[in-house]
Every structure is written in structure tokens, then in C-alpha cells.
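Visitor: Next comes the structure file query20.txt, holding compact mmCIF, C-alpha atoms.
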# COMPACT_ATOMS: atom_id res chain seq x y z
CA MET A 1 -162.22 90.30 -36.74
CA PRO A 2 -159.73 93.16 -36.71
CA ARG A 3 -160.82 96.39 -35.08
CA LEU A 4 -161.63 98.68 -38.00
CA THR A 5 -159.73 101.96 -37.79
CA SER A 6 -158.52 104.57 -40.24
CA ASP A 7 -155.53 102.24 -40.74
CA VAL A 8 -157.56 99.10 -41.57
CA GLN A 9 -160.71 99.15 -43.70
CA ALA A 10 -163.07 96.37 -44.68
CA PHE A 11 -162.96 95.42 -48.35
CA GLU A 12 -165.37 93.51 -50.57
CA ALA A 13 -164.53 91.96 -53.93
CA ARG A 14 -167.00 92.80 -56.68
CA ALA A 15 -166.08 92.86 -60.36
CA THR A 16 -168.37 94.82 -62.63
CA ASP A 17 -170.64 92.99 -65.03
CA ALA A 18 -168.99 95.01 -67.81
CA ASP A 19 -165.56 93.60 -66.94
CA LEU A 20 -166.90 90.04 -66.92
CA ASP A 21 -168.69 90.60 -70.25
CA ASP A 22 -165.48 92.04 -71.71
CA LEU A 23 -163.55 88.96 -70.56
CA ARG A 24 -166.01 86.61 -72.24
CA ALA A 25 -165.94 88.68 -75.43
CA ARG A 26 -162.15 88.61 -75.54
CA LEU A 27 -162.15 84.84 -75.01
CA ALA A 28 -164.65 84.38 -77.85
CA ALA A 29 -162.59 86.56 -80.20
CA ALA A 30 -159.18 85.08 -79.33
CA ARG A 31 -156.73 84.48 -82.17
CA LEU A 32 -154.92 81.20 -81.54
CA PRO A 33 -151.80 79.77 -83.16
CA GLU A 34 -151.66 76.46 -84.92
CA ALA A 35 -151.18 73.36 -82.81
CA GLU A 36 -147.76 72.40 -81.56
CA THR A 37 -145.78 69.99 -83.74
CA VAL A 38 -146.38 66.43 -82.59
CA TYR A 39 -144.23 63.39 -81.99
CA ARG A 40 -144.76 60.17 -83.90
CA ALA A 41 -146.04 58.28 -80.87
CA ALA A 42 -149.30 59.45 -79.32
CA PRO A 43 -150.21 59.89 -76.57
CA ASP A 44 -146.73 61.07 -75.67
CA PRO A 45 -145.56 62.35 -72.26
CA ARG A 46 -143.63 65.04 -74.11
CA ARG A 47 -146.75 66.68 -75.51
CA TRP A 48 -146.35 69.62 -73.07
CA GLU A 49 -142.68 70.01 -74.01
CA GLN A 50 -143.35 73.01 -76.27
CA GLY A 51 -145.75 74.59 -73.81
CA VAL A 52 -149.50 74.36 -73.30
CA PRO A 53 -150.99 72.10 -76.02
CA LEU A 54 -153.59 73.81 -78.18
CA ALA A 55 -156.32 71.24 -77.48
CA ASP A 56 -155.91 71.62 -73.72
CA LEU A 57 -155.96 75.40 -73.93
CA VAL A 58 -159.08 75.47 -76.12
CA ASP A 59 -160.87 73.23 -73.62
CA VAL A 60 -160.04 75.52 -70.69
CA VAL A 61 -160.86 78.69 -72.65
CA ASN A 62 -164.29 77.31 -73.58
CA TYR A 63 -165.01 76.42 -69.97
CA TRP A 64 -163.75 79.82 -68.78
CA ARG A 65 -166.13 81.54 -71.20
CA THR A 66 -169.24 79.39 -70.72
CA GLY A 67 -169.05 77.45 -67.45
CA TYR A 68 -166.80 79.16 -64.93
CA ASN A 69 -168.44 81.20 -62.13
CA TRP A 70 -166.29 84.07 -60.83
CA ARG A 71 -169.02 85.24 -58.47
CA SER A 72 -168.65 82.03 -56.45
CA PHE A 73 -164.99 82.83 -55.76
CA GLU A 74 -165.83 86.42 -54.83
CA GLU A 75 -168.40 85.17 -52.34
CA ARG A 76 -165.86 82.85 -50.72
CA LEU A 77 -163.37 85.69 -50.31
CA ASN A 78 -166.02 87.91 -48.80
CA ARG A 79 -167.09 85.18 -46.35
CA ILE A 80 -163.52 84.72 -45.11
CA GLY A 81 -163.13 88.45 -44.50
CA GLN A 82 -161.18 90.95 -46.63
CA PHE A 83 -159.43 94.15 -45.63
CA ARG A 84 -156.99 96.76 -46.87
CA THR A 85 -154.46 98.96 -45.16
CA THR A 86 -151.81 101.38 -46.40
CA ILE A 87 -148.14 100.71 -45.57
CA ASP A 88 -145.37 102.95 -46.91
CA ASP A 89 -147.91 104.65 -49.19
CA LEU A 90 -148.98 101.35 -50.76
CA GLY A 91 -152.39 99.77 -50.30
CA ILE A 92 -152.12 96.17 -49.06
CA HIS A 93 -155.04 93.76 -49.34
CA PHE A 94 -155.39 90.77 -47.04
CA LEU A 95 -157.72 88.06 -45.84
CA HIS A 96 -158.16 87.76 -42.07
CA ARG A 97 -159.87 84.80 -40.46
CA ARG A 98 -159.79 84.82 -36.67
CA SER A 99 -160.09 81.55 -34.80
CA ALA A 100 -162.76 80.92 -32.17
CA ARG A 101 -160.12 79.23 -30.03
CA ALA A 102 -158.65 81.22 -27.13
CA ASP A 103 -155.28 79.51 -27.58
CA ALA A 104 -154.95 80.35 -31.29
CA THR A 105 -151.61 81.64 -32.62
CA PRO A 106 -151.40 84.43 -35.22
CA LEU A 107 -150.16 83.07 -38.56
CA ILE A 108 -149.33 84.86 -41.80
CA LEU A 109 -149.46 82.84 -45.05
CA THR A 110 -147.61 84.31 -48.05
CA HIS A 111 -148.24 83.18 -51.62
CA GLY A 112 -145.87 83.32 -54.60
CA TRP A 113 -146.04 83.62 -58.40
CA PRO A 114 -148.08 82.59 -60.35
CA GLY A 115 -150.12 82.00 -57.23
CA SER A 116 -152.30 84.34 -55.21
CA ILE A 117 -154.55 84.32 -52.17
CA ALA A 118 -156.47 81.64 -54.10
CA GLU A 119 -153.78 79.18 -52.99
CA PHE A 120 -155.07 79.24 -49.42
CA ILE A 121 -158.85 79.66 -49.51
CA ASP A 122 -159.42 75.90 -49.20
CA VAL A 123 -157.30 75.60 -46.04
CA VAL A 124 -158.05 78.79 -44.08
CA ASP A 125 -161.10 77.44 -42.21
CA GLU A 126 -159.39 74.25 -41.06
CA LEU A 127 -156.33 76.18 -39.89
CA ALA A 128 -158.50 78.64 -37.95
CA ASP A 129 -160.91 76.15 -36.42
CA PRO A 130 -159.56 72.61 -36.84
CA LYS A 131 -161.91 69.66 -36.52
CA ASP A 132 -159.33 67.95 -34.32
CA ALA A 133 -159.47 69.68 -30.93
CA ASP A 134 -155.86 68.64 -30.28
CA ALA A 135 -154.55 70.35 -33.39
CA PRO A 136 -153.20 73.90 -33.05
CA ALA A 137 -155.48 76.74 -34.15
CA PHE A 138 -154.46 79.97 -35.85
CA HIS A 139 -155.66 83.49 -36.48
CA VAL A 140 -154.96 83.39 -40.22
CA VAL A 141 -153.78 86.41 -42.23
CA VAL A 142 -153.26 86.02 -46.00
CA PRO A 143 -151.94 89.17 -47.69
CA SER A 144 -151.80 89.80 -51.42
CA LEU A 145 -148.23 90.63 -52.41
CA PRO A 146 -147.63 94.18 -53.69
CA GLY A 147 -148.62 94.27 -57.35
CA PHE A 148 -150.81 91.18 -56.95
CA GLY A 149 -154.60 90.89 -56.71
CA TYR A 150 -156.31 93.64 -54.76
CA SER A 151 -153.08 95.12 -53.36
CA ASP A 152 -151.83 98.29 -55.04
CA LYS A 153 -149.25 98.27 -57.81
CA PRO A 154 -145.95 99.91 -56.77
CA ALA A 155 -145.19 102.96 -58.92
CA THR A 156 -141.51 103.04 -57.97
CA THR A 157 -138.81 100.44 -57.52
CA GLY A 158 -137.90 99.10 -54.10
CA TRP A 159 -140.70 96.69 -53.24
CA GLY A 160 -138.53 93.59 -53.03
CA THR A 161 -138.75 90.74 -50.55
CA GLU A 162 -136.91 92.59 -47.76
CA LYS A 163 -139.35 95.50 -47.86
CA ILE A 164 -142.34 93.17 -48.15
CA ALA A 165 -141.23 91.26 -45.06
CA ALA A 166 -140.95 94.50 -43.10
CA ALA A 167 -144.43 95.48 -44.33
CA TRP A 168 -145.81 92.15 -43.08
CA VAL A 169 -144.46 92.87 -39.58
CA GLU A 170 -146.21 96.25 -39.68
CA LEU A 171 -149.41 94.63 -40.97
CA MET A 172 -149.48 92.02 -38.21
CA GLY A 173 -148.80 94.70 -35.61
CA ARG A 174 -151.79 96.72 -36.80
CA LEU A 175 -153.95 93.65 -36.26
CA GLY A 176 -152.69 93.32 -32.70
CA TYR A 177 -150.27 90.49 -33.42
CA SER A 178 -146.88 91.57 -32.08
CA LYS A 179 -145.65 87.99 -32.31
CA PHE A 180 -146.69 85.48 -34.94
CA ALA A 181 -145.74 82.42 -36.98
CA ALA A 182 -145.16 82.53 -40.73
CA HIS A 183 -145.52 80.15 -43.66
CA GLY A 184 -144.79 80.46 -47.37
CA GLY A 185 -143.65 78.77 -50.55
CA ASP A 186 -142.10 80.17 -53.73
CA TRP A 187 -141.69 83.95 -53.21
CA GLY A 188 -143.73 83.51 -50.05
CA GLY A 189 -141.06 81.10 -48.81
CA ASN A 190 -138.35 83.62 -49.58
CA ILE A 191 -140.26 86.31 -47.69
CA THR A 192 -140.87 83.91 -44.81
CA THR A 193 -137.12 83.26 -44.61
CA VAL A 194 -136.49 87.00 -44.46
CA LEU A 195 -139.13 87.35 -41.76
CA GLY A 196 -137.48 84.69 -39.62
CA GLY A 197 -133.98 86.06 -40.20
CA ARG A 198 -134.60 89.80 -39.89
CA PHE A 199 -137.40 89.95 -37.32
CA PRO A 200 -136.81 87.32 -34.61
CA ALA A 201 -138.36 89.61 -31.98
CA HIS A 202 -141.72 89.28 -33.79
CA VAL A 203 -141.56 85.90 -35.52
CA LEU A 204 -142.13 82.89 -33.27
CA GLY A 205 -140.93 80.57 -36.01
CA ILE A 206 -141.52 79.58 -39.60
CA HIS A 207 -142.85 76.76 -41.76
CA THR A 208 -141.81 76.73 -45.39
CA THR A 209 -141.82 74.61 -48.52
CA PHE A 210 -138.95 76.71 -49.87
CA ALA A 211 -135.52 76.53 -48.29
CA GLU A 212 -132.39 77.96 -49.83
CA GLY A 213 -128.95 77.31 -48.40
CA PRO A 214 -126.11 79.82 -48.77
CA PRO A 215 -124.37 79.72 -52.18
CA GLY A 216 -121.33 77.61 -52.96
CA LEU A 217 -122.03 74.59 -50.78
CA THR A 218 -120.50 71.24 -51.77
CA THR A 219 -122.38 68.08 -52.67
CA ASP A 220 -119.90 66.04 -50.64
CA GLY A 221 -121.72 64.00 -48.02
CA LEU A 222 -125.16 64.33 -49.58
CA THR A 223 -127.32 61.25 -49.96
CA ALA A 224 -128.15 59.91 -53.41
CA VAL A 225 -131.62 61.43 -53.15
CA GLU A 226 -130.21 64.81 -52.15
CA ARG A 227 -127.72 64.74 -55.01
CA LYS A 228 -130.63 64.12 -57.35
CA TRP A 229 -132.45 67.08 -55.81
CA ALA A 230 -129.44 69.31 -56.44
CA GLU A 231 -129.16 68.09 -60.04
CA GLU A 232 -132.88 68.63 -60.70
CA THR A 233 -132.73 72.15 -59.27
CA ARG A 234 -129.70 73.03 -61.41
CA ASP A 235 -131.45 71.58 -64.47
CA PHE A 236 -134.54 73.66 -63.76
CA TRP A 237 -132.63 76.93 -63.60
CA ARG A 238 -130.52 76.11 -66.66
CA HIS A 239 -133.22 74.81 -68.98
CA ARG A 240 -136.73 75.58 -67.70
CA ALA A 241 -136.58 79.06 -66.19
CA ALA A 242 -136.96 81.31 -69.22
CA TYR A 243 -140.08 82.80 -67.63
CA ALA A 244 -138.02 83.97 -64.63
CA LYS A 245 -135.32 85.52 -66.82
CA GLN A 246 -137.99 87.33 -68.82
CA GLN A 247 -139.76 88.69 -65.75
CA ALA A 248 -136.50 89.56 -63.99
CA THR A 249 -135.15 91.53 -66.96
CA ARG A 250 -138.12 92.68 -69.08
CA PRO A 251 -141.29 92.49 -66.99
CA GLN A 252 -142.84 95.44 -68.80
CA THR A 253 -142.49 93.78 -72.19
CA ILE A 254 -144.26 90.55 -71.27
CA GLY A 255 -146.70 92.60 -69.18
CA TYR A 256 -148.43 94.06 -72.25
CA SER A 257 -149.49 90.59 -73.37
CA LEU A 258 -150.49 89.48 -69.89
CA VAL A 259 -152.74 92.51 -69.29
CA ASP A 260 -154.22 92.69 -72.81
CA SER A 261 -154.90 89.04 -73.62
CA PRO A 262 -156.74 86.69 -71.25
CA VAL A 263 -155.70 83.69 -73.37
CA GLY A 264 -152.07 84.80 -73.23
CA LEU A 265 -152.33 85.23 -69.45
CA LEU A 266 -153.97 81.83 -69.07
CA ALA A 267 -151.31 80.07 -71.13
CA TRP A 268 -148.46 81.82 -69.26
CA ILE A 269 -149.84 80.68 -65.89
CA LEU A 270 -151.30 77.30 -66.89
CA ASP A 271 -147.89 76.27 -68.21
CA LYS A 272 -146.51 76.55 -64.67
CA PHE A 273 -149.41 74.73 -63.04
CA ALA A 274 -148.81 71.89 -65.51
CA GLU A 275 -145.04 71.69 -65.13
CA TRP A 276 -144.78 72.29 -61.38
CA THR A 277 -147.48 69.94 -60.08
CA ASP A 278 -147.12 66.28 -59.15
CA THR A 279 -149.04 65.01 -62.18
CA GLU A 280 -148.40 62.83 -65.21
CA ASP A 281 -150.05 65.00 -67.85
CA SER A 282 -152.59 67.66 -66.93
CA PRO A 283 -152.53 69.90 -63.83
CA PHE A 284 -156.25 69.15 -63.49
CA GLU A 285 -155.37 65.68 -62.24
CA THR A 286 -154.92 67.28 -58.80
CA ILE A 287 -156.24 70.86 -59.04
CA SER A 288 -159.71 71.73 -60.29
CA ARG A 289 -160.20 73.92 -63.34
CA ASP A 290 -162.23 76.25 -61.15
CA ARG A 291 -159.39 76.85 -58.72
CA VAL A 292 -156.85 77.50 -61.51
CA LEU A 293 -159.31 79.88 -63.14
CA ASP A 294 -159.95 81.61 -59.80
CA ASP A 295 -156.25 82.40 -59.75
CA VAL A 296 -156.01 83.44 -63.42
CA THR A 297 -159.21 85.51 -63.33
CA LEU A 298 -157.96 87.37 -60.26
CA TYR A 299 -154.85 88.37 -62.22
CA TRP A 300 -157.01 89.34 -65.19
CA LEU A 301 -159.62 91.46 -63.42
CA THR A 302 -157.02 93.32 -61.35
CA ARG A 303 -154.76 93.83 -64.40
CA THR A 304 -151.73 92.62 -62.46
CA GLY A 305 -149.91 90.58 -65.11
CA ALA A 306 -147.15 93.18 -65.41
CA SER A 307 -147.02 94.40 -61.81
CA SER A 308 -146.83 90.86 -60.40
CA ALA A 309 -144.01 89.96 -62.80
CA ARG A 310 -141.92 92.79 -61.33
CA ILE A 311 -141.27 90.86 -58.13
CA TYR A 312 -138.66 89.02 -60.21
CA TYR A 313 -137.14 92.33 -61.33
CA GLU A 314 -137.00 93.48 -57.71
CA SER A 315 -135.85 90.29 -56.01
CA HIS A 316 -134.47 87.63 -58.38
CA ASN A 317 -131.38 86.08 -56.72
CA SER A 318 -131.56 88.74 -54.00
CA LEU A 319 -131.68 86.59 -50.85
CA ASP A 320 -128.79 87.78 -48.68
CA PRO A 321 -126.15 85.01 -48.67
CA GLU A 322 -125.25 85.99 -45.10
CA LEU A 323 -128.82 85.86 -43.77
CA ARG A 324 -129.29 83.30 -41.02
CA VAL A 325 -132.58 82.18 -39.44
CA ASP A 326 -132.24 81.44 -35.74
CA VAL A 327 -135.94 81.10 -34.89
CA PRO A 328 -137.38 77.55 -35.00
CA ALA A 329 -138.07 76.32 -38.52
CA ALA A 330 -140.17 73.47 -39.91
CA ILE A 331 -139.34 72.63 -43.53
CA SER A 332 -141.10 70.37 -46.05
CA MET A 333 -139.60 69.49 -49.44
CA TYR A 334 -142.33 68.21 -51.77
CA PRO A 335 -141.05 65.71 -54.38
CA ARG A 336 -142.20 67.52 -57.53
CA ASP A 337 -141.34 71.05 -56.45
CA ILE A 338 -139.01 73.00 -58.72
CA GLU A 339 -136.38 73.65 -56.04
CA LYS A 340 -135.47 71.09 -53.39
CA CYS A 341 -132.77 71.92 -50.86
CA PRO A 342 -130.79 69.15 -49.11
CA ARG A 343 -131.11 69.31 -45.34
CA ALA A 344 -127.34 69.71 -44.88
CA TRP A 345 -127.46 72.83 -47.04
CA ALA A 346 -130.58 74.18 -45.34
CA GLN A 347 -128.96 73.82 -41.91
CA GLU A 348 -126.30 76.32 -42.94
CA ARG A 349 -129.01 79.02 -43.04
CA TYR A 350 -131.81 77.70 -40.82
CA ARG A 351 -129.98 77.12 -37.54
CA GLN A 352 -132.84 75.57 -35.57
CA ILE A 353 -134.70 73.09 -37.76
CA VAL A 354 -137.21 71.45 -35.42
CA ARG A 355 -139.02 69.38 -38.05
CA TRP A 356 -138.02 68.21 -41.54
CA ARG A 357 -140.31 66.34 -43.89
CA SER A 358 -140.02 64.94 -47.43
CA PRO A 359 -143.59 64.02 -48.41
CA GLU A 360 -144.17 61.23 -50.90
CA ILE A 361 -146.52 63.24 -53.11
CA GLY A 362 -147.09 66.87 -54.01
CA GLY A 363 -145.48 69.62 -56.04
CA HIS A 364 -145.12 73.39 -56.03
CA PHE A 365 -148.73 74.11 -54.99
CA PRO A 366 -149.32 71.68 -52.09
CA SER A 367 -152.19 73.67 -50.55
CA LEU A 368 -154.06 73.09 -53.84
CA GLU A 369 -152.70 69.67 -54.82
CA VAL A 370 -152.84 67.87 -51.46
CA PRO A 371 -154.78 70.24 -49.17
CA GLU A 372 -155.53 67.73 -46.40
CA TYR A 373 -151.90 66.64 -46.15
CA PHE A 374 -150.75 70.25 -46.40
CA VAL A 375 -152.91 71.34 -43.47
CA LYS A 376 -151.78 68.43 -41.30
CA ASP A 377 -148.13 69.05 -42.18
CA LEU A 378 -148.48 72.77 -41.43
CA GLN A 379 -150.25 72.08 -38.13
CA GLU A 380 -147.64 69.56 -37.00
CA GLY A 381 -144.74 71.67 -38.21
CA LEU A 382 -145.94 74.80 -36.44
CA ALA A 383 -146.76 72.77 -33.32
CA ALA A 384 -143.07 71.79 -33.23
CA VAL A 385 -142.09 75.41 -33.79
CA LEU A 386 -144.31 76.64 -30.97
CA ALA A 387 -143.10 73.89 -28.62
CA ALA A 388 -139.53 75.05 -29.22
CA ASN A 389 -140.55 78.51 -27.95
CA ARG A 390 -141.79 77.21 -24.61
Starting from the file, lay out its structure as C-alpha cells.

Guide:
Amino acid sequence: MPRLTSDVQAFEARATDADLDDLRARLAAARLPEAETVYRAAPDPRRWEQGVPLADLVDVVNYWRTGYNWRSFEERLNRIGQFRTTIDDLGIHFLHRRSARADATPLILTHGWPGSIAEFIDVVDELADPKDADAPAFHVVVPSLPGFGYSDKPATTGWGTEKIAAAWVELMGRLGYSKFAAHGGDWGGNITTVLGGRFPAHVLGIHTTFAEGPPGLTTDGLTAVERKWAEETRDFWRHRAAYAKQQATRPQTIGYSLVDSPVGLLAWILDKFAEWTDTEDSPFETISRDRVLDDVTLYWLTRTGASSARIYYESHNSLDPELRVDVPAAISMYPRDIEKCPRAWAQERYRQIVRWRSPEIGGHFPSLEVPEYFVKDLQEGLAAVLAANR
């Protein structure tokens, strides 16, 4: 465990009974719209085309109100170990699970939106103390992004991905980790890229499920699969990214709904779990209702619907086109992720790719969708990264 000082304090999650009662009362009193208009053929794979179907939402809302156990998630967080520290006048919350292995490597895992630390609670133990003695072990640190979960909400602008990456270096240093590996996807992948590019003296290497080449690269020479990736990514940003435009331009406006209505918050987030996972219909084909509700309830109880949306306002399209990552990088492109970067494009930014994988299954939330594969891929990827440092 970290040495507790005035800089790092232990933290324990505990929502009040009043807040949980208020949540259940709001769920019971929710005003819902009519059902979406339907297609002639049913069942129809397009039934999510207009957003979360009413019947699916009602089912999850009823379970959230009568069957879901938030206390179980709190207990898991507390068992892993929670802490807070203040960096640049902002309180940062993080999980810290030290390995029992003497050869363990410090590792920081960074989540994205609409994720949270809930993305990693099912993989922390295996990363810290793997069952396979030959697998690498890690001292695992999982921070909550500024404005997310139990981290503070920035009161001024400026907390974009560059500043967050610098804060992570400071955080790891306070824990005694002057050098460390980093992993992330979504915004966490962006931050991980910045970590590798800006702080090579501290970052041993990176593993990411998000890779972004410099702008303006040609499709000439790409394989048929890679051309399809490029087309799918362009289609996503042209036709399915209204949420990002809203949060990048008017986060405060959508924030009122997300902080005031648990059903509105659930629908806003569940829509992404449904669309971005490797499933045919429902996100619950691969991710349990409990884990999705752990994530949504964390947003609700911490009232971070608006503050978390502001990461888009601060950082949308902000990755420096000139940034290059010279530390070793392991990259995995899951087939149903929303952005998939061809290797030829990635190599223009990540100059030392030591391992590249294109898994056969999985989407935007691999640590939740395919946790066993995710852990193995992360272990093998970081093993290649660490070997490149020897």
C-alpha cells in the first residue's frame, strides 16, 4: 500500500442511505416517453436505431430500483484500496493495488467516457497477482479522471488530456513510481499516448486500444480490412457522434439532464454500451447489468454527468498532430471498437510498435466484454514493452 502522508490519504466509498432512497424514488416517479416507432418486421436488428428501446430501458430501470446492490460495488472498491491526493489544487481519486511479487512493474490504467474505474475492477487482482507465475505482475493504479467519480470537479478550464497526463506523472511519483507502464482506451488511450510522447523519462512504454495516426494520411497501400476500418471510423464521426458534438460544445446544457434525472443518465450511457460493444442486440450479452449499473450509479451518486462531459469541451480533437511516441508501444484494435487505426497510420506516430494485435472479438469496453482475453493481451503486450527496455 502507499505510504500515507499529507499528500496521499486513504478514502472509503460510502453513499448515504438518503441518497440511495432518493435514487429509488426518482426511478419510481420517472416520466417516460412513448415507445420508439417500430419497423414492420420484428424482431428487427434496427430496433436500437432511434436509441435505447423503451422496453429495454424499463427492464433495466426496474432492476436498478428493486434488485441492484450498490453496497456490493462499494465493498469491492474498498477491498482494492482507495485513496485521494491533491494535484494542482484538484482532488484526484484512485485505486491502488500493490502486487505481492518483488518483480512487479508499476502500471497506471486510465478509463474513458462513459466509463469509469468500474471498467477495471474485474481485472485488477489478476494483473497484480497473476495465477500464472510466468506472467508479468503489476502494481496497479487506477485514477478517476478529473470530473469523474470521486475525483474533484474542475472549477476552471484547462483540465484537458495534456494536463491530466502531467498529473498522472505526479501521482505515480508520489506513490514512489518514478518509472511506470501505462494503458488506456478511449480518453484513457489518448492520455496514454500523451504520457508516452511527453514523458519518456518516466514512461517505460504503453499498451493501448486507442491509436490515432497524424491527420491527412492516405489510404494508399492499406489492406482491404484496413480500408474498411478507415471507412467505419469516418462513418462513426459523420453519423453517430452527436453525443460528442453535444458534449464538446454544450456540456453544461446536457449536464442538467444528466445530473437531475437518473433515467436520462442511464439512457445516455446505456446507448453507448449497446452501440459500442461486440453484440448483436443488447449490451448485456457480454456485460452484466450489475456492472453497467455500477458505472451509471457512480456517475449518479457523484453528480458528475456534467463535469465528466466537459472532457470533450477541453480535449475534443486536441491531440497534437506533431506528437510522436518513441517509447515501446503495444497496440490492440478490437473489431467492434468505434475507432480502428490501420497499423501503417499508427506507425507514423508510435515509432516503436513492439506488438500489434487485432483480436477476433471485443468492442470498446474489452476489460468488461472479454476480461480474460483483455488481461492476457495486456500482460503479453506489456511483457513485450518491458523486454524492449532491457

Visitor: Write out as a count of residues only the residues lying within 6 Å of range 113-129 of chain A, counting only C-alpha atoms and excluding same-chain residues fewer than 5 positions away.

Guide: 5

Visitor: For Arg174 in chain A, which residue out of A:Ala244, A:Ala383, A:Ala267, A:Ile87 is the nearest one, using all atoms listed in the file?

Guide: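 With all atoms listed in the file as the atom set, the closest residue is A:Ile87.
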
Visitor: So which one's closest to Asp220 in chain A, A:Asp134, A:Ala329, A:Trp237, A:Ala344? Using only C-alpha atoms, please.

Guide: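 Using only C-alpha atoms, Asp220 in chain A sits closest to A:Ala344.
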
Visitor: Write out as a PyMOL selection string which residues come within 8 Å of range 248-264 of chain A when counting all atoms listed in the file, dropping same-chain ones fewer than 5 positions away.

Guide: chain A and resi 23+26-27+30+61+300+303-307+309-314+316

Visitor: For the selection you just gave me, I'd like the residues written to a file as a JSON list (two decimals), in the coordinates of the input, keeping C-alpha atoms.

Guide:
[["chain", "number", "residue", "atom", "x", "y", "z"],
["A", 23, "LEU", "CA", -163.55, 88.96, -70.56],
["A", 26, "ARG", "CA", -162.15, 88.61, -75.54],
["A", 27, "LEU", "CA", -162.15, 84.84, -75.01],
["A", 30, "ALA", "CA", -159.18, 85.08, -79.33],
["A", 61, "VAL", "CA", -160.86, 78.69, -72.65],
["A", 300, "TRP", "CA", -157.01, 89.34, -65.19],
["A", 303, "ARG", "CA", -154.76, 93.83, -64.40],
["A", 304, "THR", "CA", -151.73, 92.62, -62.46],
["A", 305, "GLY", "CA", -149.91, 90.58, -65.11],
["A", 306, "ALA", "CA", -147.15, 93.18, -65.41],
["A", 307, "SER", "CA", -147.02, 94.40, -61.81],
["A", 309, "ALA", "CA", -144.01, 89.96, -62.80],
["A", 310, "ARG", "CA", -141.92, 92.79, -61.33],
["A", 311, "ILE", "CA", -141.27, 90.86, -58.13],
["A", 312, "TYR", "CA", -138.66, 89.02, -60.21],
["A", 313, "TYR", "CA", -137.14, 92.33, -61.33],
["A", 314, "GLU", "CA", -137.00, 93.48, -57.71],
["A", 316, "HIS", "CA", -134.47, 87.63, -58.38]]

Visitor: Nearest residue to Trp48 in chain A out of A:Asp22, A:Asp337, A:Asp152, A:Asp271, using only C-alpha atoms?

Guide: A:Asp271

Visitor: What does the structure give for the distance between CA of Asp17 in chain A and CA of Asn69 in chain A, in Å to one decimal?

Guide: 12.3 Å

Visitor: Between A:Arg31, A:Ser315, A:Val8, A:Asp89, single out the one closest to Gly176 in chain A, counting all atoms listed in the file.

Guide: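 Closest to Gly176 in chain A of all the choices is A:Val8.
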
Visitor: Tell me, as a list in words, which residues lie within 12 Å of Phe284 in chain A, counting all atoms listed in the file; anything in the same chain fewer than 4 positions away does not count.

Guide: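 Counting all atoms listed in the file, the residues come to Asp56, Asp59, Val60, Leu270, Asp271, Phe273, Ala274, Glu275, Thr277, Asp278, Thr279, Glu280, Ser288, Arg289, Asp290, Arg291, Val292, Leu293, Leu368 and Glu369 of chain A.
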
Visitor: May I ask for the distance between CA of Thr218 in chain A and CA of Asp235 in chain A, given in Å to one decimal place?

Guide: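 Taking CA of Thr218 in chain A and CA of Asp235 in chain A, their separation equals 16.8 Å.
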
Visitor: A:Gly149, A:Pro371, A:Gly196, A:Pro214: which is nearest Glu322 in chain A, counting only C-alpha atoms?

Guide: A:Pro214

Visitor: Between CA of Arg98 in chain A and CA of Tyr350 in chain A, what is the spacing in Å?

Guide: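 The value is 29.2 Å.
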
Visitor: A:Pro33, A:Gly112, A:Pro143, A:Pro154: which is nearest Leu90 in chain A, counting only C-alpha atoms?

Guide: A:Pro154

Visitor: Write out as JSON, numbers by chain each polymer residue whose atoms come within 8 Å of Ile164 in chain A, counting all atoms listed in the file; drop sequence neighbours fewer than 6 positions from it.

Guide: {"A": [145, 146, 191]}

Visitor: Near Ala330 in chain A, within 8 Å and counting all atoms listed in the file, which residues show up once chain neighbours fewer than 2 positions away are dropped, as a PDB file with C-alpha atoms, keeping the file's coordinate frame?

Guide:
ATOM      1  CA  ILE A 206    -141.520  79.580 -39.600  1.00  0.00           C
ATOM      2  CA  HIS A 207    -142.850  76.760 -41.760  1.00  0.00           C
ATOM      3  CA  THR A 208    -141.810  76.730 -45.390  1.00  0.00           C
ATOM      4  CA  PRO A 328    -137.380  77.550 -35.000  1.00  0.00           C
ATOM      5  CA  SER A 332    -141.100  70.370 -46.050  1.00  0.00           C
ATOM      6  CA  ILE A 353    -134.700  73.090 -37.760  1.00  0.00           C
ATOM      7  CA  VAL A 354    -137.210  71.450 -35.420  1.00  0.00           C
ATOM      8  CA  ARG A 355    -139.020  69.380 -38.050  1.00  0.00           C
ATOM      9  CA  TRP A 356    -138.020  68.210 -41.540  1.00  0.00           C
ATOM     10  CA  GLY A 381    -144.740  71.670 -38.210  1.00  0.00           C
ATOM     11  CA  LEU A 382    -145.940  74.800 -36.440  1.00  0.00           C
ATOM     12  CA  ALA A 384    -143.070  71.790 -33.230  1.00  0.00           C
ATOM     13  CA  VAL A 385    -142.090  75.410 -33.790  1.00  0.00           C
TER      14      VAL A 385
END
